[in-house]
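Student: So here's upload34.txt, just compact mmCIF, N, CA and C atoms:
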```
# COMPACT_ATOMS: atom_id res chain seq x y z
N MET M 1 0.83 -1.19 0.00
CA MET M 1 0.00 0.00 0.00
C MET M 1 0.87 1.25 0.00
N ALA M 2 1.91 1.23 0.78
CA ALA M 2 2.75 2.42 0.88
C ALA M 2 3.44 2.71 -0.45
N GLU M 3 3.89 1.68 -1.13
CA GLU M 3 4.62 1.86 -2.38
C GLU M 3 3.74 2.37 -3.50
N HIS M 4 2.51 1.84 -3.61
CA HIS M 4 1.62 2.19 -4.71
C HIS M 4 0.52 3.16 -4.31
N ARG M 5 0.50 3.54 -3.03
CA ARG M 5 -0.51 4.46 -2.49
C ARG M 5 -1.92 3.93 -2.76
N ALA M 6 -2.08 2.63 -2.57
CA ALA M 6 -3.33 1.94 -2.86
C ALA M 6 -4.35 2.13 -1.74
N THR M 7 -5.59 1.89 -2.08
CA THR M 7 -6.66 1.92 -1.10
C THR M 7 -6.78 0.54 -0.45
N VAL M 8 -7.51 0.48 0.64
CA VAL M 8 -7.75 -0.81 1.31
C VAL M 8 -8.47 -1.74 0.35
N ARG M 9 -9.43 -1.21 -0.39
CA ARG M 9 -10.20 -2.01 -1.34
C ARG M 9 -9.28 -2.59 -2.43
N ALA M 10 -8.37 -1.78 -2.95
CA ALA M 10 -7.45 -2.24 -3.99
C ALA M 10 -6.49 -3.31 -3.44
N ALA M 11 -6.02 -3.11 -2.21
CA ALA M 11 -5.13 -4.09 -1.60
C ALA M 11 -5.86 -5.41 -1.36
N ALA M 12 -7.10 -5.33 -0.93
CA ALA M 12 -7.88 -6.55 -0.69
C ALA M 12 -8.07 -7.32 -1.99
N LYS M 13 -8.37 -6.61 -3.05
CA LYS M 13 -8.56 -7.25 -4.35
C LYS M 13 -7.26 -7.90 -4.83
N GLU M 14 -6.15 -7.21 -4.66
CA GLU M 14 -4.85 -7.72 -5.10
C GLU M 14 -4.47 -9.02 -4.38
N PHE M 15 -4.76 -9.10 -3.09
CA PHE M 15 -4.38 -10.27 -2.30
C PHE M 15 -5.48 -11.30 -2.17
N GLY M 16 -6.67 -10.99 -2.69
CA GLY M 16 -7.76 -11.95 -2.65
C GLY M 16 -8.34 -12.18 -1.26
N VAL M 17 -8.35 -11.13 -0.45
CA VAL M 17 -8.91 -11.21 0.90
C VAL M 17 -9.94 -10.08 1.05
N SER M 18 -10.63 -10.07 2.18
CA SER M 18 -11.64 -9.05 2.41
C SER M 18 -11.00 -7.74 2.88
N LYS M 19 -11.76 -6.67 2.76
CA LYS M 19 -11.30 -5.37 3.25
C LYS M 19 -11.06 -5.43 4.75
N SER M 20 -11.91 -6.19 5.45
CA SER M 20 -11.76 -6.32 6.90
C SER M 20 -10.43 -6.97 7.27
N THR M 21 -10.04 -7.96 6.51
CA THR M 21 -8.76 -8.64 6.76
C THR M 21 -7.60 -7.68 6.55
N VAL M 22 -7.64 -6.93 5.46
CA VAL M 22 -6.58 -5.95 5.18
C VAL M 22 -6.51 -4.94 6.31
N HIS M 23 -7.66 -4.43 6.70
CA HIS M 23 -7.72 -3.41 7.75
C HIS M 23 -7.15 -3.96 9.07
N LYS M 24 -7.54 -5.17 9.44
CA LYS M 24 -7.06 -5.77 10.68
C LYS M 24 -5.55 -5.99 10.62
N ASP M 25 -5.07 -6.49 9.50
CA ASP M 25 -3.63 -6.72 9.36
C ASP M 25 -2.85 -5.42 9.47
N LEU M 26 -3.36 -4.37 8.85
CA LEU M 26 -2.64 -3.09 8.85
C LEU M 26 -2.69 -2.40 10.20
N HIS M 27 -3.79 -2.52 10.91
CA HIS M 27 -3.93 -1.81 12.18
C HIS M 27 -3.47 -2.60 13.39
N ASP M 28 -3.60 -3.91 13.36
CA ASP M 28 -3.27 -4.71 14.53
C ASP M 28 -1.93 -5.42 14.41
N ARG M 29 -1.66 -5.98 13.26
CA ARG M 29 -0.47 -6.82 13.12
C ARG M 29 0.77 -6.06 12.64
N LEU M 30 0.60 -5.18 11.67
CA LEU M 30 1.76 -4.48 11.09
C LEU M 30 2.53 -3.64 12.11
N PRO M 31 1.88 -2.92 13.02
CA PRO M 31 2.67 -2.13 13.98
C PRO M 31 3.63 -2.98 14.82
N ARG M 32 3.24 -4.21 15.11
CA ARG M 32 4.11 -5.10 15.90
C ARG M 32 5.25 -5.66 15.06
N LEU M 33 5.03 -5.79 13.76
CA LEU M 33 6.03 -6.40 12.89
C LEU M 33 7.04 -5.40 12.34
N ASN M 34 6.54 -4.24 11.91
CA ASN M 34 7.41 -3.26 11.26
C ASN M 34 6.82 -1.87 11.49
N ARG M 35 7.26 -1.21 12.53
CA ARG M 35 6.70 0.10 12.93
C ARG M 35 6.91 1.16 11.85
N ALA M 36 8.06 1.17 11.21
CA ALA M 36 8.35 2.19 10.18
C ALA M 36 7.40 2.03 8.99
N LEU M 37 7.19 0.80 8.55
CA LEU M 37 6.28 0.55 7.44
C LEU M 37 4.85 0.90 7.83
N TYR M 38 4.48 0.58 9.08
CA TYR M 38 3.14 0.94 9.56
C TYR M 38 2.91 2.44 9.47
N LEU M 39 3.88 3.23 9.84
CA LEU M 39 3.72 4.69 9.78
C LEU M 39 3.54 5.18 8.35
N GLN M 40 4.23 4.54 7.41
CA GLN M 40 4.06 4.91 6.00
C GLN M 40 2.66 4.54 5.52
N VAL M 41 2.22 3.35 5.86
CA VAL M 41 0.88 2.89 5.46
C VAL M 41 -0.18 3.75 6.12
N ARG M 42 0.04 4.11 7.36
CA ARG M 42 -0.92 4.95 8.09
C ARG M 42 -1.09 6.30 7.38
N ALA M 43 -0.02 6.85 6.87
CA ALA M 43 -0.10 8.12 6.14
C ALA M 43 -0.95 7.96 4.88
N VAL M 44 -0.80 6.85 4.18
CA VAL M 44 -1.61 6.58 2.99
C VAL M 44 -3.07 6.42 3.37
N LEU M 45 -3.34 5.68 4.44
CA LEU M 45 -4.72 5.49 4.90
C LEU M 45 -5.37 6.82 5.28
N ASP M 46 -4.63 7.66 5.96
CA ASP M 46 -5.17 8.97 6.35
C ASP M 46 -5.46 9.83 5.13
N GLU M 47 -4.58 9.78 4.15
CA GLU M 47 -4.78 10.55 2.91
C GLU M 47 -6.01 10.04 2.16
N ASN M 48 -6.13 8.70 2.06
CA ASN M 48 -7.28 8.12 1.37
C ASN M 48 -8.59 8.46 2.08
N ARG M 49 -8.56 8.47 3.39
CA ARG M 49 -9.77 8.81 4.15
C ARG M 49 -10.16 10.27 3.90
N ALA M 50 -9.19 11.15 3.82
CA ALA M 50 -9.47 12.55 3.58
C ALA M 50 -10.03 12.79 2.17
N GLU M 51 -9.64 11.95 1.21
CA GLU M 51 -10.08 12.13 -0.18
C GLU M 51 -11.28 11.26 -0.54
N ARG M 52 -11.74 10.44 0.38
CA ARG M 52 -12.78 9.47 0.09
C ARG M 52 -14.05 10.11 -0.47
N HIS M 53 -14.47 11.21 0.09
CA HIS M 53 -15.70 11.85 -0.38
C HIS M 53 -15.55 12.36 -1.81
N LEU M 54 -14.36 12.72 -2.21
CA LEU M 54 -14.14 13.18 -3.59
C LEU M 54 -14.25 12.02 -4.57
N ARG M 55 -13.63 10.88 -4.23
CA ARG M 55 -13.71 9.72 -5.11
C ARG M 55 -15.13 9.20 -5.21
N GLY M 56 -15.86 9.21 -4.12
CA GLY M 56 -17.24 8.76 -4.13
C GLY M 56 -18.10 9.63 -5.02
N GLY M 57 -17.90 10.93 -4.97
CA GLY M 57 -18.64 11.86 -5.81
C GLY M 57 -18.33 11.63 -7.28
N GLU M 58 -17.10 11.37 -7.60
CA GLU M 58 -16.69 11.11 -8.98
C GLU M 58 -17.32 9.82 -9.50
N ALA M 59 -17.36 8.79 -8.66
CA ALA M 59 -17.97 7.51 -9.06
C ALA M 59 -19.46 7.70 -9.34
N THR M 60 -20.14 8.46 -8.51
CA THR M 60 -21.57 8.72 -8.71
C THR M 60 -21.79 9.51 -9.99
N ARG M 61 -20.95 10.49 -10.23
CA ARG M 61 -21.06 11.30 -11.44
C ARG M 61 -20.91 10.43 -12.69
N LYS M 62 -19.91 9.54 -12.68
CA LYS M 62 -19.70 8.65 -13.83
C LYS M 62 -20.88 7.69 -14.01
N LYS M 63 -21.40 7.20 -12.90
CA LYS M 63 -22.52 6.26 -12.95
C LYS M 63 -23.71 6.87 -13.67
N TYR M 64 -24.05 8.09 -13.35
CA TYR M 64 -25.24 8.69 -13.91
C TYR M 64 -25.02 9.37 -15.25
N ARG M 65 -23.79 9.60 -15.61
CA ARG M 65 -23.49 10.15 -16.94
C ARG M 65 -23.31 9.03 -17.96
N GLY M 66 -23.18 7.80 -17.48
CA GLY M 66 -23.01 6.66 -18.38
C GLY M 66 -21.59 6.50 -18.88
N ALA M 67 -20.63 7.06 -18.17
CA ALA M 67 -19.23 6.99 -18.61
C ALA M 67 -18.55 5.77 -18.10
```
Can the structure from this file be put into structure tokens for me?
Tutor:
Amino acid sequence: MAEHRATVRAAAKEFGVSKSTVHKDLHDRLPRLNRALYLQVRAVLDENRAERHLRGGEATRKKYRGA
């Protein structure tokens, strides 16, 4: 996630697991395994959360425009 700035949904799809599994691994397990990587991933998660409403609006716009 840190390298590609991916979303939780994209990471789940890539690894073939649920979003819940990705979220649990990133929040519960990663800090114990690699604190530095966790901080990088956390920054990506925070950025994605801040932009989430913009992506949702764009998806809705495309849906109703037929694009």
Student: Need to verify the contact set: Ala2 (chain M), 7 Å, only N, CA and C atoms, exclusion of same-chain residues closer than 5 positions in sequence. Can you return it as an mmCIF file with N, CA and C atoms, in the coordinates of the input?
Tutor:
```cif
data_model
loop_
_atom_site.group_PDB
_atom_site.id
_atom_site.type_symbol
_atom_site.label_atom_id
_atom_site.label_comp_id
_atom_site.auth_asym_id
_atom_site.auth_seq_id
_atom_site.Cartn_x
_atom_site.Cartn_y
_atom_site.Cartn_z
ATOM 1 N N GLN M 40 4.230 4.540 7.410
ATOM 2 C CA GLN M 40 4.060 4.910 6.000
ATOM 3 C C GLN M 40 2.660 4.540 5.520
ATOM 4 N N VAL M 41 2.220 3.350 5.860
ATOM 5 C CA VAL M 41 0.880 2.890 5.460
ATOM 6 C C VAL M 41 -0.180 3.750 6.120
ATOM 7 N N VAL M 44 -0.800 6.850 4.180
ATOM 8 C CA VAL M 44 -1.610 6.580 2.990
ATOM 9 C C VAL M 44 -3.070 6.420 3.370
#
```
Student: Just the number, please: distance in Å from CA of Ser18 (chain M) to CA of Glu58 (chain M), one decimal.
Tutor: 23.7 Å
Student: Report, in Å to a single decimal, how far apart CA of Asp46 (chain M) and CA of Asn34 (chain M) are.
Tutor: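 Value for the CA of Asn34 (chain M)-CA of Asp46 (chain M) distance: 18.2 Å.
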Student: Residues within 9 Å of region 21-23 of chain M, please, as a PyMOL selection string. Count only C-alpha atoms; anything in the same chain fewer than 3 positions from it doesn't count.
Tutor: chain M and resi 8-9+11-12+15+17-18+26-28
Student: So which one's closest to Asn48 (chain M), M:Met1, M:Thr7, M:Arg65, M:Glu14? Using only C-alpha atoms, please.
Tutor: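 Of all the options, M:Thr7 lies closest to Asn48 (chain M).
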Student: For the atom pair CA of His4 (chain M) and CA of Asp25 (chain M), what is the interatomic distance in Å to one decimal place?
Tutor: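 So the answer is 17.5 Å.
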Student: So for region 2-10 of chain M, what box centre and size do we get, axis-aligned, 5 Å extra on each of the six sides, every listed atom, Å to one decimal, as lines of an AutoDock Vina configuration file?
Tutor:
```
center_x = -2.8
center_y = 0.6
center_z = -1.7
size_x = 24.8
size_y = 17.8
size_z = 16.0
```
Student: Write out as a PyMOL selection string the set of residues from chain M that DSSP, computed on the backbone, places in helix (DSSP H, G or I).
Tutor: chain M and resi 8-15+19-33+35-65
